[in-house]
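Chemist: Can you keep this structure in mind? I'll have questions shortly.
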Amino acid sequence: MEQAQNRIEFTKEMKKEYTVLIPNMAPIHFNLIKNVFIHYGLKMELLTNTGQAVVDAGLKYVHNDTCYPALLVIGQFIDALQSGKYDLNKVALMITQTGGGCRASNYIHLLRKALEKAGMAHIPVISLNLSGLEKNSGFSFTLPMVRRCIAALAYGDILMLADNQVKPYEINKGDSARLVEDWINKITAMFKSDKGYSAREIKKTLPQIMSTFAAIPKKIENKTKVGIVGEIYVKYSAVANNNLEKFLFEQGCEVMVPGIMGFILFKVDNRLEDIKLYGGNKIKYSVINTLMNYLTKIESAMIDAVKQSGFKAPSSYAEIKEMVKGVIGYGCKMGEGWLLTAEMIELIHHGYGNIVCAQPFGCLPNHIVGKGMIRKLREIYPKSNIVPIDYDPGATRVNQENRIKLMLAVARENMGGYSVPKTQKTEKVPSVVG
């Protein structure tokens with residue numbers, strides 16, 4: 001297949017001079033992962049270009065029936081390449097490739113087709129995958145790199161959680177955001193020093209992170225608690241969801257967004273279930289099971305650190321999986337699968353019964369496990385207040401925000417049913433950068 005596509009390989013020689021661009025889905029997580037790749041010798045840049053130009057580039061070079069995340073990711077790449085900022089003979093692109101049943105598996109092929117259409121077919125596209133789908137002599141996803149990336153996801157999740165639970169209540173605006181930036185710099189420095197990414201070091205560092213957020217001065221306020229679920233890109237990307245988190249924050253809400261680690265556990269768990277159901281290599285099963293156990297250990301350390309600091313901790317993957325039993329089958333696993341439904345249940349259990357289900361228009365798997373499950377969840381949890389919001393080039397931001405405002409109006413009527421978060425002691429915020 002690779003020969004038929006005339007794929008341009010990213011070579012060892014290119015690694016020395018080429019700048020590798022990556023799309024921006026979750027800023028905290030992706031900044032940390034970007035820094036991991038830089039540590040291993042790649043010149044890497046996380047794209048920050050946004051706005052209508054990105055959408056227009058996507059519409060021009062991708063068929064408009066293609067899912068919105070693909071359109072935006074490819075549009076962000078093309079817009080950046082056409083900006084004049086980069087030497088088109090010394091630039092490469094990197095994109096994940098899952099190999100699953102979602103259309104996301106085709107992003108890399110759609111991107112190459114778009115590059116060809118734009119007259120830039122010579123630009124290499126690097127596949128970031130754990131399945132051996134494509135290989136490049138200038139880049140390999142090694143075990144040490146994987147360990148650092150897993151640590152980056154854990155740190156990203158906990159920083160995102162802490163920021164979301166502190167920011168609405170901080171007395172000095174910007175304290176939480178500055179602390180996030182401080183920790184990104186400190187974690188990056190730890191990685192460079194060959195520290196901070198083992199299970200033992202992660203377990204030691206996570207409580208330190210949470211204690212600094214606990215020390216931020218806060219005020220007691222009764223905020224509307226809102227959870228966000230949905231297709232993974234639209235769920236996290238401000239480009240895709242029209243700055244949904246910022247909008248909710250401006251509406252006086254406290255936001256909870258389930259972490260990426262749960263999605264990774266879900267994907268690994270699916271591989272194990274496939275081998276159990278359909279057979280497979282025993283050695284492969286053993287390797288995947290080892291990875292599952294390692295991820296579970298990291299997840300446990302994250303939950304313990306959050307609980308110890310007095311913040312609202314997420315449920316474990318095992319607990320979430322149990323919550324959804326009898327509501328939707330575990331065989332429903334395309335896209336975000338049963339996990340999306342489970343995350344809504346988890347949010348309801350933790351007092352975030354007001355939920356925005358963000359999904360790309362036409363994303364069939366997520367319409368089934370998201371919008372399609374709302375009626376069932378309302379039967380089980382009558383006070384749940386869930387609004388599905390479609391995101392695509394034709395959807396107006398005003399209409400999206402008006403629908404969310406209606407959900408928030410109902411939420412405020414039901415405020416008595418939700419608890420006020422614990423307020424931490426007020427102390428001066430310590431700097432974590434030496």
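Each chain in the structure tokens gets a letter, A, B, ..., in the order shown, and its residues are numbered from 1; ligands are numbered from 1 in order too.
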Residues within 6 Å of segment 232-239 of chain A, please, as an mmCIF file with N, CA and C atoms, in the first residue's frame. Count only C-alpha atoms; anything in the same chain fewer than 6 positions from it doesn't count.
Modeler:
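That gives us around_32.cif:
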data_model
loop_
_atom_site.group_PDB
_atom_site.id
_atom_site.type_symbol
_atom_site.label_atom_id
_atom_site.label_comp_id
_atom_site.auth_asym_id
_atom_site.auth_seq_id
_atom_site.Cartn_x
_atom_site.Cartn_y
_atom_site.Cartn_z
ATOM 1 N N MET A 25 -4.447 19.548 19.803
ATOM 2 C CA MET A 25 -5.743 19.073 20.310
ATOM 3 C C MET A 25 -5.930 19.498 21.760
ATOM 4 N N ALA A 26 -5.040 19.039 22.645
ATOM 5 C CA ALA A 26 -5.103 19.373 24.070
ATOM 6 C C ALA A 26 -3.814 20.107 24.423
ATOM 7 N N ALA A 358 -20.201 17.075 23.027
ATOM 8 C CA ALA A 358 -19.684 17.726 21.819
ATOM 9 C C ALA A 358 -19.314 16.678 20.779
#
Chemist: Tell me, which residues of segment 304-433 of chain A carry DSSP alpha helix (DSSP H), written as an MDAnalysis selection string?
Modeler: chainID A and resid 304:308 317:323 337:349 364:369 374:380 397:413
Chemist: Go ahead and save the residues from that selection, with C-alpha atoms, as a tab-separated table (two decimals), in the first residue's frame.
Modeler:
chain	number	residue	atom	x	y	z
A	304	ASP	CA	-4.67	9.19	45.01
A	305	ALA	CA	-2.87	12.51	44.48
A	306	VAL	CA	-6.13	14.32	43.68
A	307	LYS	CA	-7.95	12.83	46.68
A	308	GLN	CA	-5.12	13.64	49.09
A	317	TYR	CA	-11.25	3.07	34.50
A	318	ALA	CA	-12.37	-0.18	36.18
A	319	GLU	CA	-15.06	1.69	38.14
A	320	ILE	CA	-16.27	3.54	35.04
A	321	LYS	CA	-16.48	0.26	33.14
A	322	GLU	CA	-18.60	-1.20	35.93
A	323	MET	CA	-20.88	1.88	36.01
A	337	GLY	CA	-17.61	3.62	22.11
A	338	TRP	CA	-19.22	2.77	25.44
A	339	LEU	CA	-16.62	4.96	27.20
A	340	LEU	CA	-18.44	8.12	26.12
A	341	THR	CA	-21.67	6.92	27.74
A	342	ALA	CA	-19.70	5.80	30.79
A	343	GLU	CA	-18.08	9.21	31.14
A	344	MET	CA	-21.51	10.85	31.22
A	345	ILE	CA	-22.54	8.46	34.00
A	346	GLU	CA	-19.32	9.18	35.90
A	347	LEU	CA	-19.86	12.94	35.63
A	348	ILE	CA	-23.41	12.57	36.95
A	349	HIS	CA	-22.13	10.51	39.90
A	364	LEU	CA	-22.10	7.98	13.44
A	365	PRO	CA	-20.36	6.13	16.33
A	366	ASN	CA	-20.50	9.14	18.62
A	367	HIS	CA	-24.07	10.01	17.70
A	368	ILE	CA	-25.02	6.50	18.84
A	369	VAL	CA	-23.06	6.43	22.10
A	374	ILE	CA	-29.26	10.58	26.38
A	375	ARG	CA	-32.84	9.29	26.65
A	376	LYS	CA	-31.64	6.14	28.41
A	377	LEU	CA	-29.55	8.14	30.86
A	378	ARG	CA	-32.48	10.46	31.64
A	379	GLU	CA	-34.56	7.42	32.49
A	380	ILE	CA	-31.89	6.26	34.96
A	397	ARG	CA	-21.42	29.56	17.00
A	398	VAL	CA	-24.40	31.66	18.10
A	399	ASN	CA	-26.77	28.71	17.75
A	400	GLN	CA	-24.37	26.42	19.64
A	401	GLU	CA	-23.95	28.89	22.50
A	402	ASN	CA	-27.68	29.61	22.71
A	403	ARG	CA	-28.41	25.89	23.13
A	404	ILE	CA	-25.78	25.68	25.86
A	405	LYS	CA	-27.27	28.75	27.58
A	406	LEU	CA	-30.65	27.00	27.65
A	407	MET	CA	-29.00	24.00	29.33
A	408	LEU	CA	-27.36	26.34	31.85
A	409	ALA	CA	-30.71	28.02	32.60
A	410	VAL	CA	-32.11	24.62	33.56
A	411	ALA	CA	-28.94	23.88	35.53
A	412	ARG	CA	-29.34	27.02	37.62
A	413	GLU	CA	-32.90	26.06	38.46
Chemist: Can you list, as an NGL selection string, every protein, DNA or RNA residue that comes within 12 Å of Lys204 of chain A when you count only C-alpha atoms, leaving out same-chain residues fewer than 3 positions away?
Modeler: :A and (155 or 195-201 or 207-211 or 298 or 301-302 or 304-305)
Chemist: Keeping only C-alpha atoms, write the selected residues to a file as a PDB file, in the first residue's frame.
Modeler:
ATOM      1  CA  TYR A 155       0.784  15.073  34.110  1.00  0.00           C
ATOM      2  CA  LYS A 195      13.836  12.010  35.660  1.00  0.00           C
ATOM      3  CA  GLY A 196      10.118  12.211  36.368  1.00  0.00           C
ATOM      4  CA  TYR A 197       8.771   9.533  34.042  1.00  0.00           C
ATOM      5  CA  SER A 198       9.074   6.264  35.975  1.00  0.00           C
ATOM      6  CA  ALA A 199       6.020   5.032  37.881  1.00  0.00           C
ATOM      7  CA  ARG A 200       7.800   5.716  41.171  1.00  0.00           C
ATOM      8  CA  GLU A 201       8.750   9.273  40.184  1.00  0.00           C
ATOM      9  CA  PRO A 207       1.022  15.082  44.946  1.00  0.00           C
ATOM     10  CA  GLN A 208       3.567  17.913  44.681  1.00  0.00           C
ATOM     11  CA  ILE A 209       1.656  19.295  41.704  1.00  0.00           C
ATOM     12  CA  MET A 210      -1.689  19.095  43.481  1.00  0.00           C
ATOM     13  CA  SER A 211      -0.360  20.692  46.675  1.00  0.00           C
ATOM     14  CA  ILE A 298      -0.232   5.378  36.865  1.00  0.00           C
ATOM     15  CA  ALA A 301      -1.347   7.330  41.507  1.00  0.00           C
ATOM     16  CA  MET A 302      -3.222  10.183  39.798  1.00  0.00           C
ATOM     17  CA  ASP A 304      -4.672   9.188  45.013  1.00  0.00           C
ATOM     18  CA  ALA A 305      -2.867  12.513  44.478  1.00  0.00           C
TER      19      ALA A 305
END
Chemist: Quick one: residues within 9 Å of Ile303 of chain A, only C-alpha atoms, excluding same-chain residues fewer than 5 positions away - as a PyMOL selection string?
Modeler: chain A and resi 158+298+308+313-316
Chemist: Could you tell me, as a list in words, which residues of segment 31-256 of chain A DSSP assigns to strand (DSSP E or B) when given the backbone?
Modeler: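 After running DSSP on the backbone, segment 31-256 of chain A has strand (DSSP E or B) at Lys43, Met44, Glu45, Leu46, Val91, Ala92, Leu93, Met94, Ile95, Thr96, Val125, Ile126, Ser127, Leu128, Asn136, Phe139, Glu170, Lys218, Thr224, Lys225, Val226, Gly227, Ile228, Val229, Gly230, Cys253, Glu254, Val255 and Met256 of chain A.
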Chemist: Take the residues just selected and output them with C-alpha atoms as a PDB file, in the first residue's frame.
Modeler:
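The result, written out as result.pdb:
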ATOM      1  CA  LYS A  43      12.780  20.008  15.737  1.00  0.00           C
ATOM      2  CA  MET A  44       9.116  20.145  16.584  1.00  0.00           C
ATOM      3  CA  GLU A  45       6.479  22.865  16.686  1.00  0.00           C
ATOM      4  CA  LEU A  46       2.933  22.706  18.047  1.00  0.00           C
ATOM      5  CA  VAL A  91       9.293  20.794   6.937  1.00  0.00           C
ATOM      6  CA  ALA A  92       7.436  17.571   7.840  1.00  0.00           C
ATOM      7  CA  LEU A  93       4.075  16.793   9.432  1.00  0.00           C
ATOM      8  CA  MET A  94       3.183  14.311  12.167  1.00  0.00           C
ATOM      9  CA  ILE A  95      -0.242  12.793  12.774  1.00  0.00           C
ATOM     10  CA  THR A  96      -1.560   9.871  14.823  1.00  0.00           C
ATOM     11  CA  VAL A 125       3.956  12.889   6.756  1.00  0.00           C
ATOM     12  CA  ILE A 126       5.031  10.888   9.819  1.00  0.00           C
ATOM     13  CA  SER A 127       2.611   8.325  11.225  1.00  0.00           C
ATOM     14  CA  LEU A 128       2.588   8.198  15.035  1.00  0.00           C
ATOM     15  CA  ASN A 136      10.286   5.980   8.951  1.00  0.00           C
ATOM     16  CA  PHE A 139      11.620   8.522  13.532  1.00  0.00           C
ATOM     17  CA  GLU A 170      -9.137  31.852  42.290  1.00  0.00           C
ATOM     18  CA  LYS A 218      -9.720  30.821  46.473  1.00  0.00           C
ATOM     19  CA  THR A 224     -22.758  25.668  38.077  1.00  0.00           C
ATOM     20  CA  LYS A 225     -20.867  22.441  37.461  1.00  0.00           C
ATOM     21  CA  VAL A 226     -20.687  21.337  33.827  1.00  0.00           C
ATOM     22  CA  GLY A 227     -19.057  18.249  32.315  1.00  0.00           C
ATOM     23  CA  ILE A 228     -17.813  17.942  28.737  1.00  0.00           C
ATOM     24  CA  VAL A 229     -17.787  14.659  26.831  1.00  0.00           C
ATOM     25  CA  GLY A 230     -17.698  13.778  23.143  1.00  0.00           C
ATOM     26  CA  CYS A 253     -19.292  27.536  35.484  1.00  0.00           C
ATOM     27  CA  GLU A 254     -16.842  25.035  36.889  1.00  0.00           C
ATOM     28  CA  VAL A 255     -15.912  22.590  34.147  1.00  0.00           C
ATOM     29  CA  MET A 256     -14.913  18.934  34.386  1.00  0.00           C
TER      30      MET A 256
END
Chemist: Would you mind telling me which residue in A:Gln251, A:Asn172, A:Gln97, A:Thr66 lies nearest to Pro360 of chain A when using only C-alpha atoms?
Modeler: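 Between A:Gln251, A:Asn172, A:Gln97, A:Thr66, the residue approaching Pro360 of chain A most closely is A:Thr66.
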Chemist: Just checking: using only C-alpha atoms, which residue out of A:Ile260, A:Met334, A:Cys149, A:Val62 ends up closest to Leu161 of chain A?
Modeler: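 Closest to Leu161 of chain A of all the choices is A:Ile260.
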Chemist: Which of these, A:Ile108, A:Ile184, A:Ala80, A:Ala57, has the shortest distance to Pro27 of chain A once you count only C-alpha atoms?
Modeler: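 Result for the nearest residue to Pro27 of chain A: A:Ile184.
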Chemist: Quick one: residues within 12 Å of Leu291 of chain A, only C-alpha atoms counted, chain neighbours fewer than 2 positions away excluded, as an mmCIF file with C-alpha atoms, in the first residue's frame?
Modeler:
data_model
loop_
_atom_site.group_PDB
_atom_site.id
_atom_site.type_symbol
_atom_site.label_atom_id
_atom_site.label_comp_id
_atom_site.auth_asym_id
_atom_site.auth_seq_id
_atom_site.Cartn_x
_atom_site.Cartn_y
_atom_site.Cartn_z
ATOM 1 C CA LEU A 130 1.996 1.676 18.025
ATOM 2 C CA LEU A 143 9.960 2.323 24.619
ATOM 3 C CA VAL A 146 6.556 5.828 25.055
ATOM 4 C CA ARG A 147 7.212 5.917 28.821
ATOM 5 C CA ILE A 150 2.596 8.184 29.112
ATOM 6 C CA ILE A 264 -5.878 5.290 26.355
ATOM 7 C CA LEU A 265 -6.929 2.617 28.853
ATOM 8 C CA LYS A 267 -8.111 1.519 23.627
ATOM 9 C CA VAL A 268 -5.631 -0.863 25.291
ATOM 10 C CA ASP A 269 -8.457 -2.761 26.984
ATOM 11 C CA ARG A 271 -7.048 -4.902 22.232
ATOM 12 C CA LEU A 272 -7.151 -7.372 25.125
ATOM 13 C CA LYS A 284 1.183 -9.917 22.028
ATOM 14 C CA TYR A 285 -1.513 -10.395 24.666
ATOM 15 C CA SER A 286 1.141 -10.532 27.401
ATOM 16 C CA VAL A 287 2.768 -7.302 26.171
ATOM 17 C CA ILE A 288 -0.573 -5.482 25.956
ATOM 18 C CA ASN A 289 -1.609 -6.781 29.374
ATOM 19 C CA ASN A 293 -1.256 -2.946 34.259
ATOM 20 C CA TYR A 294 1.321 -0.158 33.974
ATOM 21 C CA LEU A 295 -1.299 2.387 32.883
ATOM 22 C CA THR A 296 -3.595 1.283 35.713
ATOM 23 C CA LYS A 297 -0.773 1.856 38.211
ATOM 24 C CA ILE A 298 -0.232 5.378 36.865
#
